[in-house]
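Listing of coords_17.txt; format and content: compact mmCIF, C-alpha atoms.
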```txt
# COMPACT_ATOMS: atom_id res chain seq x y z
CA MET R 1 93.33 105.28 61.05
CA THR R 2 95.30 106.60 58.07
CA GLY R 3 94.12 108.53 55.02
CA THR R 4 90.60 109.47 53.93
CA PRO R 5 89.33 111.52 56.84
CA ALA R 6 85.58 112.19 56.96
CA ARG R 7 84.18 115.75 56.96
CA GLY R 8 83.14 118.48 59.45
CA ARG R 9 82.58 117.81 63.14
CA PRO R 10 82.63 114.03 62.91
CA ARG R 11 86.03 114.26 61.28
CA SER R 12 87.34 116.32 64.20
CA GLU R 13 86.13 113.78 66.72
CA GLN R 14 87.50 110.96 64.60
CA ALA R 15 90.88 112.68 64.33
CA ARG R 16 90.88 113.46 68.04
CA ARG R 17 90.30 109.83 68.89
CA ALA R 18 92.93 108.69 66.40
CA VAL R 19 95.47 111.07 67.94
CA LEU R 20 94.72 109.93 71.50
CA ALA R 21 94.83 106.25 70.54
CA ALA R 22 98.09 106.72 68.61
CA ALA R 23 99.73 108.51 71.54
CA LEU R 24 98.87 105.73 73.97
CA GLU R 25 99.87 103.00 71.57
CA LEU R 26 103.23 104.58 70.69
CA CYS R 27 103.95 105.23 74.35
CA ARG R 28 103.10 101.64 75.23
CA ARG R 29 105.28 100.31 72.43
CA ASP R 30 108.33 102.59 72.63
CA GLY R 31 108.09 104.36 75.98
CA PHE R 32 107.46 107.95 76.95
CA GLN R 33 110.83 109.42 76.08
CA PRO R 34 110.89 108.81 72.29
CA LEU R 35 107.29 109.97 71.88
CA THR R 36 106.91 113.08 69.70
CA ILE R 37 104.03 115.10 68.28
CA LYS R 38 105.38 114.24 64.83
CA GLY R 39 105.25 110.52 65.55
CA ILE R 40 101.76 110.80 67.01
CA ALA R 41 100.51 112.71 63.96
CA GLU R 42 101.98 110.16 61.55
CA ALA R 43 100.57 107.18 63.42
CA ALA R 44 97.16 108.86 63.64
CA GLY R 45 97.16 109.77 59.95
CA VAL R 46 96.73 113.50 60.58
CA GLY R 47 98.93 116.53 60.00
CA ARG R 48 101.19 117.84 62.75
CA GLN R 49 99.29 121.13 62.73
CA THR R 50 96.10 119.23 63.51
CA VAL R 51 97.71 117.93 66.66
CA TYR R 52 99.23 121.27 67.63
CA ARG R 53 95.87 122.98 67.12
CA TRP R 54 94.44 121.04 70.06
CA TRP R 55 97.41 120.10 72.20
CA PRO R 56 100.58 122.14 72.78
CA THR R 57 102.69 119.21 74.02
CA LYS R 58 102.81 115.42 74.00
CA GLU R 59 102.09 115.55 77.73
CA ALA R 60 98.78 117.30 77.02
CA VAL R 61 97.88 114.61 74.45
CA LEU R 62 98.66 111.83 76.90
CA LEU R 63 96.79 113.39 79.79
CA GLU R 64 93.66 113.73 77.66
CA ALA R 65 94.11 110.20 76.34
CA LEU R 66 94.29 108.85 79.88
CA ARG R 67 91.23 110.80 81.00
CA ASP R 68 89.32 109.69 77.92
CA LEU R 69 90.22 106.09 78.58
CA THR R 70 89.15 106.38 82.20
CA VAL R 71 85.73 107.71 81.19
CA ARG R 72 85.27 105.11 78.46
CA GLU R 73 86.25 102.25 80.72
CA ALA R 74 84.15 103.53 83.61
CA PRO R 75 82.02 100.36 83.90
CA THR R 76 85.19 98.38 84.64
CA LEU R 77 87.07 101.09 86.44
CA LEU R 78 84.22 102.37 88.58
CA PRO R 79 82.15 99.26 89.23
CA ASP R 80 78.97 99.45 91.33
CA THR R 81 77.36 96.02 91.54
CA GLY R 82 75.85 96.43 94.99
CA ASP R 83 78.65 94.28 96.42
CA PRO R 84 81.37 96.78 97.39
CA LEU R 85 83.96 94.15 98.33
CA ARG R 86 83.63 92.64 94.88
CA ASP R 87 83.76 96.16 93.42
CA LEU R 88 86.98 96.79 95.34
CA GLU R 89 88.58 93.75 93.76
CA THR R 90 87.27 94.68 90.30
CA PHE R 91 88.49 98.26 90.69
CA LEU R 92 92.02 97.22 91.62
CA VAL R 93 92.24 94.53 88.93
CA GLY R 94 91.04 97.10 86.37
CA ALA R 95 93.40 99.81 87.58
CA TYR R 96 96.49 97.64 87.83
CA THR R 97 96.02 95.62 84.64
CA MET R 98 95.18 98.67 82.56
CA THR R 99 98.27 100.34 83.96
CA ALA R 100 100.44 97.33 83.19
CA ARG R 101 98.97 96.62 79.76
CA LEU R 102 98.21 99.99 78.31
CA THR R 103 99.12 103.12 80.19
CA GLY R 104 102.08 102.37 82.48
CA GLN R 105 104.72 104.07 80.34
CA ALA R 106 102.46 107.06 79.80
CA VAL R 107 101.61 107.65 83.45
CA ALA R 108 105.15 106.98 84.65
CA GLY R 109 106.46 109.39 82.02
CA LEU R 110 103.96 112.06 83.01
CA MET R 111 104.74 111.61 86.70
CA ALA R 112 108.46 111.92 85.99
CA GLU R 113 107.91 115.01 83.84
CA ALA R 114 105.70 116.51 86.54
CA GLN R 115 108.70 116.53 88.88
CA ARG R 116 110.24 119.24 86.70
CA ASP R 117 107.06 120.98 85.53
CA PRO R 118 104.78 122.31 88.30
CA GLU R 119 101.96 123.17 85.91
CA LEU R 120 101.89 119.64 84.52
CA ALA R 121 101.98 118.39 88.11
CA ASP R 122 98.83 120.41 88.89
CA ARG R 123 97.03 119.16 85.80
CA LEU R 124 98.04 115.56 86.41
CA GLN R 125 96.81 115.85 89.97
CA ALA R 126 93.51 117.54 89.17
CA GLY R 127 92.83 115.72 85.91
CA LEU R 128 93.73 112.18 86.83
CA LEU R 129 95.24 111.30 90.21
CA ALA R 130 92.70 113.00 92.47
CA GLU R 131 89.87 111.56 90.36
CA ARG R 132 91.21 108.03 90.73
CA ARG R 133 91.68 108.40 94.49
CA ARG R 134 88.13 109.69 94.81
CA ALA R 135 86.78 106.73 92.84
CA LEU R 136 88.53 104.15 95.01
CA ARG R 137 87.50 105.98 98.16
CA GLU R 138 83.87 105.83 97.05
CA VAL R 139 84.04 102.06 96.71
CA LEU R 140 85.48 101.82 100.23
CA GLU R 141 82.84 104.21 101.58
CA ARG R 142 80.06 102.01 100.17
CA ALA R 143 81.56 99.03 101.98
CA VAL R 144 81.75 101.04 105.21
CA ARG R 145 78.07 102.04 104.87
CA LEU R 146 77.13 98.36 104.57
CA GLY R 147 79.26 97.48 107.62
CA GLN R 148 81.60 95.32 105.53
CA LEU R 149 84.60 97.55 106.26
CA SER R 150 85.37 100.10 108.94
CA GLU R 151 87.99 102.73 109.63
CA GLY R 152 90.06 101.97 112.70
CA ALA R 153 93.49 100.52 112.11
CA ALA R 154 93.69 102.78 109.07
CA SER R 155 91.79 105.73 107.59
CA LEU R 156 90.19 105.35 104.17
CA ASP R 157 92.60 107.99 102.86
CA LEU R 158 95.56 105.90 103.97
CA ALA R 159 94.03 102.75 102.45
CA VAL R 160 93.60 104.57 99.13
CA ASP R 161 97.19 105.82 99.21
CA LEU R 162 98.51 102.35 100.06
CA ALA R 163 96.66 100.85 97.10
CA PHE R 164 97.82 103.45 94.58
CA GLY R 165 101.21 103.79 96.27
CA VAL R 166 102.28 100.20 95.70
CA MET R 167 101.16 100.52 92.06
CA TRP R 168 103.15 103.71 91.47
CA TYR R 169 106.19 102.45 93.35
CA ARG R 170 106.39 99.25 91.31
CA LEU R 171 105.58 101.11 88.10
CA MET R 172 108.51 103.49 88.55
CA SER R 173 110.97 101.23 90.36
CA ARG R 174 110.10 98.12 88.30
CA HIS R 175 111.40 95.66 90.89
CA ALA R 176 108.13 93.68 90.83
CA PRO R 177 105.14 93.49 88.48
CA VAL R 178 101.86 95.43 88.57
CA ASN R 179 99.22 92.86 87.62
CA ALA R 180 96.00 91.11 88.60
CA GLU R 181 97.81 89.03 91.21
CA LEU R 182 98.96 92.22 92.94
CA ALA R 183 95.37 93.49 92.77
CA HIS R 184 94.12 90.36 94.56
CA GLU R 185 96.83 90.70 97.21
CA VAL R 186 96.13 94.38 97.81
CA SER R 187 92.37 93.79 97.85
CA ALA R 188 92.84 91.11 100.54
CA ALA R 189 95.21 93.41 102.45
CA LEU R 190 92.75 96.32 102.44
CA ARG R 191 89.93 94.02 103.61
CA ARG R 192 92.08 92.85 106.48
CA LEU R 193 93.21 96.36 107.29
CA LEU R 194 89.69 97.77 107.31
CA ALA R 195 87.95 94.72 108.78
CA PRO R 196 85.18 95.66 111.23
CA PRO R 197 85.99 94.95 114.89
CA GLY R 198 85.78 91.24 115.66
CA GLU R 199 86.41 90.15 112.09
CA GLY R 200 90.07 91.08 112.03
CA ALA R 201 91.74 87.70 111.89
CA SER R 202 89.80 86.18 109.02
CA ALA R 203 88.34 88.96 106.94
CA GLY R 204 91.36 89.25 104.69
CA GLU R 205 91.22 85.77 103.24
CA GLY R 206 88.17 85.86 100.97
CA GLY R 207 89.50 88.27 98.38
CA ALA R 208 92.53 86.40 97.09
CA GLY R 209 92.35 83.83 94.30
CA MET F 1 133.15 124.13 103.69
CA THR F 2 134.88 126.83 101.65
CA GLY F 3 138.55 127.66 101.05
CA THR F 4 141.67 126.26 102.75
CA PRO F 5 141.50 122.55 101.95
CA ALA F 6 143.82 120.26 103.98
CA ARG F 7 146.43 118.05 102.27
CA GLY F 8 146.70 114.51 100.80
CA ARG F 9 144.24 111.71 101.50
CA PRO F 10 142.40 113.50 104.29
CA ARG F 11 141.79 116.41 101.92
CA SER F 12 140.16 114.06 99.39
CA GLU F 13 137.83 112.64 101.96
CA GLN F 14 137.03 116.10 103.27
CA ALA F 15 136.31 117.36 99.76
CA ARG F 16 134.25 114.28 99.01
CA ARG F 17 132.08 114.87 102.05
CA ALA F 18 131.76 118.56 101.28
CA VAL F 19 130.61 117.76 97.74
CA LEU F 20 128.04 115.21 98.92
CA ALA F 21 126.71 117.50 101.64
CA ALA F 22 126.50 120.44 99.21
CA ALA F 23 124.62 118.38 96.64
CA LEU F 24 122.00 117.28 99.17
CA GLU F 25 121.64 120.74 100.64
CA LEU F 26 121.25 122.48 97.28
CA CYS F 27 118.77 119.86 96.15
CA ARG F 28 116.78 120.26 99.35
CA ARG F 29 116.78 124.05 99.02
CA ASP F 30 116.19 124.55 95.29
CA GLY F 31 115.00 121.18 93.97
CA PHE F 32 116.56 118.62 91.67
CA GLN F 33 116.10 120.40 88.37
CA PRO F 34 118.28 123.51 88.95
CA LEU F 35 121.08 121.45 90.51
CA THR F 36 124.35 121.58 88.54
CA ILE F 37 127.89 120.30 89.03
CA LYS F 38 129.03 123.92 88.92
CA GLY F 39 126.68 124.88 91.75
CA ILE F 40 127.72 121.84 93.79
CA ALA F 41 131.42 122.66 93.34
CA GLU F 42 130.91 126.28 94.38
CA ALA F 43 128.87 125.41 97.44
CA ALA F 44 131.42 122.77 98.45
CA GLY F 45 134.36 125.12 97.93
CA VAL F 46 136.11 122.87 95.42
CA GLY F 47 136.88 123.19 91.72
CA ARG F 48 134.51 121.77 89.12
CA GLN F 49 137.24 119.43 87.93
CA THR F 50 137.46 117.97 91.42
CA VAL F 51 133.81 117.02 91.19
CA TYR F 52 134.09 115.70 87.63
CA ARG F 53 137.13 113.60 88.59
CA TRP F 54 134.92 111.50 90.86
CA TRP F 55 131.42 111.85 89.50
CA PRO F 56 130.39 112.22 85.85
CA THR F 57 126.91 113.61 86.59
CA LYS F 58 124.89 115.27 89.32
CA GLU F 59 122.85 112.06 89.54
CA ALA F 60 126.02 110.13 90.47
CA VAL F 61 126.80 112.69 93.19
CA LEU F 62 123.31 112.46 94.63
CA LEU F 63 123.21 108.68 94.56
CA GLU F 64 126.48 108.48 96.49
CA ALA F 65 125.27 111.17 98.90
CA LEU F 66 122.10 109.20 99.61
CA ARG F 67 124.00 105.96 100.14
CA ASP F 68 126.52 107.70 102.37
CA LEU F 69 123.74 109.19 104.44
CA THR F 70 122.04 105.82 104.78
CA VAL F 71 125.23 104.24 106.08
CA ARG F 72 125.96 107.12 108.45
CA GLU F 73 122.44 107.14 109.82
CA ALA F 74 122.30 103.37 110.14
CA PRO F 75 121.60 103.37 113.91
CA THR F 76 118.41 105.33 113.25
CA LEU F 77 117.57 103.84 109.89
CA LEU F 78 118.33 100.22 110.74
CA PRO F 79 117.38 99.96 114.40
CA ASP F 80 117.78 96.68 116.29
CA THR F 81 116.73 97.15 119.91
CA GLY F 82 115.45 93.62 120.46
CA ASP F 83 111.87 94.90 120.13
CA PRO F 84 111.08 94.55 116.42
CA LEU F 85 107.71 96.29 116.60
CA ARG F 86 109.40 99.32 118.10
CA ASP F 87 112.13 99.01 115.45
CA LEU F 88 109.44 98.99 112.76
CA GLU F 89 108.06 102.27 114.02
CA THR F 90 111.57 103.76 114.36
CA PHE F 91 112.51 102.61 110.88
CA LEU F 92 109.46 104.20 109.26
CA VAL F 93 109.74 107.44 111.23
CA GLY F 94 113.42 107.64 110.23
CA ALA F 95 112.77 106.83 106.58
CA TYR F 96 109.81 109.16 106.13
CA THR F 97 111.15 112.13 108.08
CA MET F 98 114.57 111.95 106.48
CA THR F 99 112.84 111.83 103.11
CA ALA F 100 110.66 114.80 103.94
CA ARG F 101 113.36 116.85 105.61
CA LEU F 102 116.47 116.12 103.64
CA THR F 103 116.35 113.88 100.63
CA GLY F 104 112.85 114.04 99.14
CA GLN F 105 113.74 116.29 96.21
CA ALA F 106 116.87 114.25 95.51
CA VAL F 107 115.20 110.85 95.46
CA ALA F 108 112.15 112.10 93.55
CA GLY F 109 114.46 113.72 91.01
CA LEU F 110 116.53 110.56 90.64
CA MET F 111 113.42 108.41 90.29
CA ALA F 112 112.07 110.75 87.61
CA GLU F 113 115.40 110.78 85.78
CA ALA F 114 115.56 106.98 86.02
CA GLN F 115 112.40 106.81 83.89
CA ARG F 116 114.44 108.09 80.95
CA ASP F 117 117.82 106.57 81.85
CA PRO F 118 117.87 102.76 82.24
CA GLU F 119 121.43 102.71 83.59
CA LEU F 120 120.56 105.19 86.32
CA ALA F 121 117.47 103.09 87.03
CA ASP F 122 119.69 100.03 87.57
CA ARG F 123 122.06 101.91 89.84
CA LEU F 124 119.25 103.50 91.83
CA GLN F 125 117.66 100.09 92.27
CA ALA F 126 120.84 98.25 93.24
CA GLY F 127 122.44 101.10 95.19
CA LEU F 128 119.50 102.36 97.20
CA LEU F 129 115.99 101.01 96.69
CA ALA F 130 116.73 97.29 97.01
CA GLU F 131 118.88 98.00 100.06
CA ARG F 132 116.10 99.91 101.79
CA ARG F 133 113.54 97.20 101.02
CA ARG F 134 115.89 94.55 102.41
CA ALA F 135 116.39 96.57 105.60
CA LEU F 136 112.66 96.95 106.27
CA ARG F 137 112.07 93.31 105.44
CA GLU F 138 114.66 92.31 108.02
CA VAL F 139 112.84 94.23 110.74
CA LEU F 140 109.61 92.47 109.79
CA GLU F 141 111.36 89.09 109.72
CA ARG F 142 112.65 89.61 113.25
CA ALA F 143 109.09 90.28 114.41
CA VAL F 144 107.89 87.13 112.63
CA ARG F 145 110.60 85.06 114.34
CA LEU F 146 109.38 86.32 117.73
CA GLY F 147 105.78 85.53 116.81
CA GLN F 148 104.77 89.21 116.97
CA LEU F 149 103.85 89.31 113.29
CA SER F 150 102.97 86.63 110.74
CA GLU F 151 102.46 86.39 107.02
CA GLY F 152 98.92 85.54 106.08
CA ALA F 153 96.72 88.36 104.86
CA ALA F 154 99.83 89.76 103.20
CA SER F 155 103.36 88.64 102.35
CA LEU F 156 106.30 90.50 103.84
CA ASP F 157 107.25 91.62 100.33
CA LEU F 158 103.83 93.20 99.87
CA ALA F 159 104.04 94.86 103.30
CA VAL F 160 107.42 96.34 102.38
CA ASP F 161 106.10 97.63 99.05
CA LEU F 162 103.02 99.14 100.70
CA ALA F 163 105.22 101.03 103.20
CA PHE F 164 107.62 102.40 100.61
CA GLY F 165 104.86 102.76 98.02
CA VAL F 166 102.80 105.24 100.01
CA MET F 167 105.99 107.23 100.69
CA TRP F 168 106.98 107.38 97.01
CA TYR F 169 103.45 108.08 95.83
CA ARG F 170 103.05 111.05 98.18
CA LEU F 171 106.57 112.23 97.47
CA MET F 172 105.95 112.42 93.73
CA SER F 173 102.27 113.30 93.67
CA ARG F 174 102.48 115.69 96.67
CA HIS F 175 98.79 115.47 97.51
CA ALA F 176 99.55 114.66 101.17
CA PRO F 177 102.61 114.91 103.41
CA VAL F 178 105.32 112.34 104.16
CA ASN F 179 106.03 112.76 107.88
CA ALA F 180 106.18 111.09 111.28
CA GLU F 181 102.39 110.95 111.50
CA LEU F 182 102.28 108.93 108.29
CA ALA F 183 104.97 106.66 109.74
CA HIS F 184 102.82 105.99 112.81
CA GLU F 185 99.78 105.28 110.63
CA VAL F 186 101.67 102.92 108.34
CA SER F 187 103.33 101.18 111.27
CA ALA F 188 99.91 100.55 112.83
CA ALA F 189 98.56 99.40 109.46
CA LEU F 190 101.39 96.89 108.95
CA ARG F 191 100.93 95.53 112.47
CA ARG F 192 97.24 95.01 111.79
CA LEU F 193 97.92 93.53 108.37
CA LEU F 194 100.53 91.09 109.67
CA ALA F 195 98.91 90.36 113.03
CA PRO F 196 99.25 86.71 114.06
CA PRO F 197 95.98 84.69 113.91
CA GLY F 198 93.67 85.59 116.77
CA GLU F 199 95.18 89.02 117.31
CA GLY F 200 93.78 90.56 114.17
CA ALA F 201 91.22 92.94 115.58
CA SER F 202 93.37 94.71 118.15
CA ALA F 203 97.00 94.34 117.14
CA GLY F 204 97.01 97.44 114.99
CA GLU F 205 96.27 99.93 117.75
CA GLY F 206 99.48 99.93 119.81
CA GLY F 207 101.78 101.55 117.30
CA ALA F 208 100.09 104.89 116.77
CA GLY F 209 100.69 107.94 118.91
```

Once you've parsed the file, please lay out its structure as structure tokens.
Amino acid sequence: MTGTPARGRPRSEQARRAVLAAALELCRRDGFQPLTIKGIAEAAGVGRQTVYRWWPTKEAVLLEALRDLTVREAPTLLPDTGDPLRDLETFLVGAYTMTARLTGQAVAGLMAEAQRDPELADRLQAGLLAERRRALREVLERAVRLGQLSEGAASLDLAVDLAFGVMWYRLMSRHAPVNAELAHEVSAALRRLLAPPGEGASAGEGGAG
Amino acid sequence: MTGTPARGRPRSEQARRAVLAAALELCRRDGFQPLTIKGIAEAAGVGRQTVYRWWPTKEAVLLEALRDLTVREAPTLLPDTGDPLRDLETFLVGAYTMTARLTGQAVAGLMAEAQRDPELADRLQAGLLAERRRALREVLERAVRLGQLSEGAASLDLAVDLAFGVMWYRLMSRHAPVNAELAHEVSAALRRLLAPPGEGASAGEGGAG
């Protein structure tokens, strides 16, 4: 990713991708706080002005990097196999492990920064958080349509907020890990919580493992 | 809270309480970011040096204010009526409404600041978050001892993290409110999730309303 850039449009796209990848990688390695546009530009092998031409702040770089990643990883992150309960598990494993492995520092840093920057808060909400809630809700809605889950003890909106809530809470508080095991536990919990009438006592068991 | 301080030890305690109350009130009114030691001192009617003598930063003031409040409100926040399911509901209503009404800006600000300050993160964890998790877990454990709830579809630790997770997520993301209605919903959800075998399908209903 250093030196010898190609020409014209392809070069722009190549540089864009290098910048986004460098931002995520530096953030993963060193955390959100030490991240700078200068560091991103160096790691991406582009000039600082190239970065500033497209993104005014490191937050803007990270937000685009996270959205890009979400789109690229859509097959994993937005699974639709025809088996919504399996998709639920896959979705949560994908969301939690990607957060733990790759993007945790970036999203926690952006969320923290959003507490002091209302405009960033709006963009984070519209560009990432609302999108992710909608995606999980869709998986749950498919399961409801097939009669595998039903609203009752909890609304789908609450179920979605419980699933992302525990991830965010652990990500920021760091008292317990965000990983595939948590995804299995939360998947089982949501199945129990949204079990159709009459299946309450046992429906939660299948998902864990 | 202004002027004419009393003398000796009682004056210290009075000033201490005035400082803590002022910090929470200013944070509630204007948010975490604009809060300063100077503003706290003025609102409390004490000199800046008085504040600095006890607390090096506004974060230290807020953390003590939150802990103080938790101790003072213990009857509401740590209920023990002999009916653990009622206590669960009371606990969540108390936690969520106090957060929404009084301390939301302060705790969200501290959590955000903790992302860039590992020492604050440790103190926030040890001084507040771990304490609150332990308190909720105790309520759930009492219900388990009486056979009203049981681990199975979810561990008590997961249940605790789901309950605080949804609160923190909404507090920081602000896409939906943290209020008594949420407390009722989460209480019902936890009862369903932790319902003893055979009571799964109906146990979640009683708590809402």

Considering all atoms listed in the file, give me a table of residues in chain R that are at most 6 Å from chain F, with the closest atom pair and distance in Å for each, as a tab-separated table.
```
residue	atom	partner	partner_atom	distance
R:Ala112	CA	F:Ala112	CA	4.1
R:Ala153	CA	F:Gly204	CA	5.5
R:Ala154	CA	F:Ala189	CA	5.9
R:Asp161	CA	F:Val166	CA	5.7
R:Leu162	CA	F:Val166	CA	5.2
R:Gly165	CA	F:Gly165	CA	4.2
R:Val166	CA	F:Gly165	CA	4.3
R:Tyr169	CA	F:Gly165	CA	4.9
R:Ala189	CA	F:Ala153	CA	5.8
R:Leu193	CA	F:Leu193	CA	5.6
R:Pro197	CA	F:Ala201	CA	5.6
R:Gly198	CA	F:Ala201	CA	5.7
R:Gly200	CA	F:Ala201	CA	4.2
R:Ala201	CA	F:Gly200	CA	4.2
R:Gly204	CA	F:Ala153	CA	5.4
```

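Residue nearest Met98 (chain F) within the list F:Leu66, F:Val51, F:Val61, F:Val46: F:Leu66 [criterion: smallest interatomic distance, all atoms listed in the file].
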
ask   = Quick one: residues within 7 Å of region 135-141 of chain R, all atoms listed in the file counted, chain neighbours fewer than 4 positions away excluded, as a list in words?
value =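 Residues near the query, excluding close chain neighbours: Leu78, Pro84, Asp87, Leu88, Glu131, Arg145, Leu156 and Val160 of chain R.
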
message = Report, in Å with one decimal, the straight-line distance from CA of Lys58 (chain R) to CA of Thr36 (chain R).
response =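 Calculated distance between CA of Lys58 (chain R) and CA of Thr36 (chain R) is 6.4 Å.
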
request  = To one decimal in Å, tell me the separation between CA of His184 (chain R) and CA of Gly94 (chain R).
outcome  = 11.0 Å

task = Quote the spacing between CA of Ala15 (chain F) and CA of Ala44 (chain F) in Å to one decimal place.
result = 7.4 Å

task = Between R:Thr99, R:Arg123, R:Ala106, R:Asp83, single out the one closest to Gln148 (chain R), counting all atoms listed in the file.
result =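 Looking only at the distances to Gln148 (chain R), the closest residue turns out to be R:Asp83.
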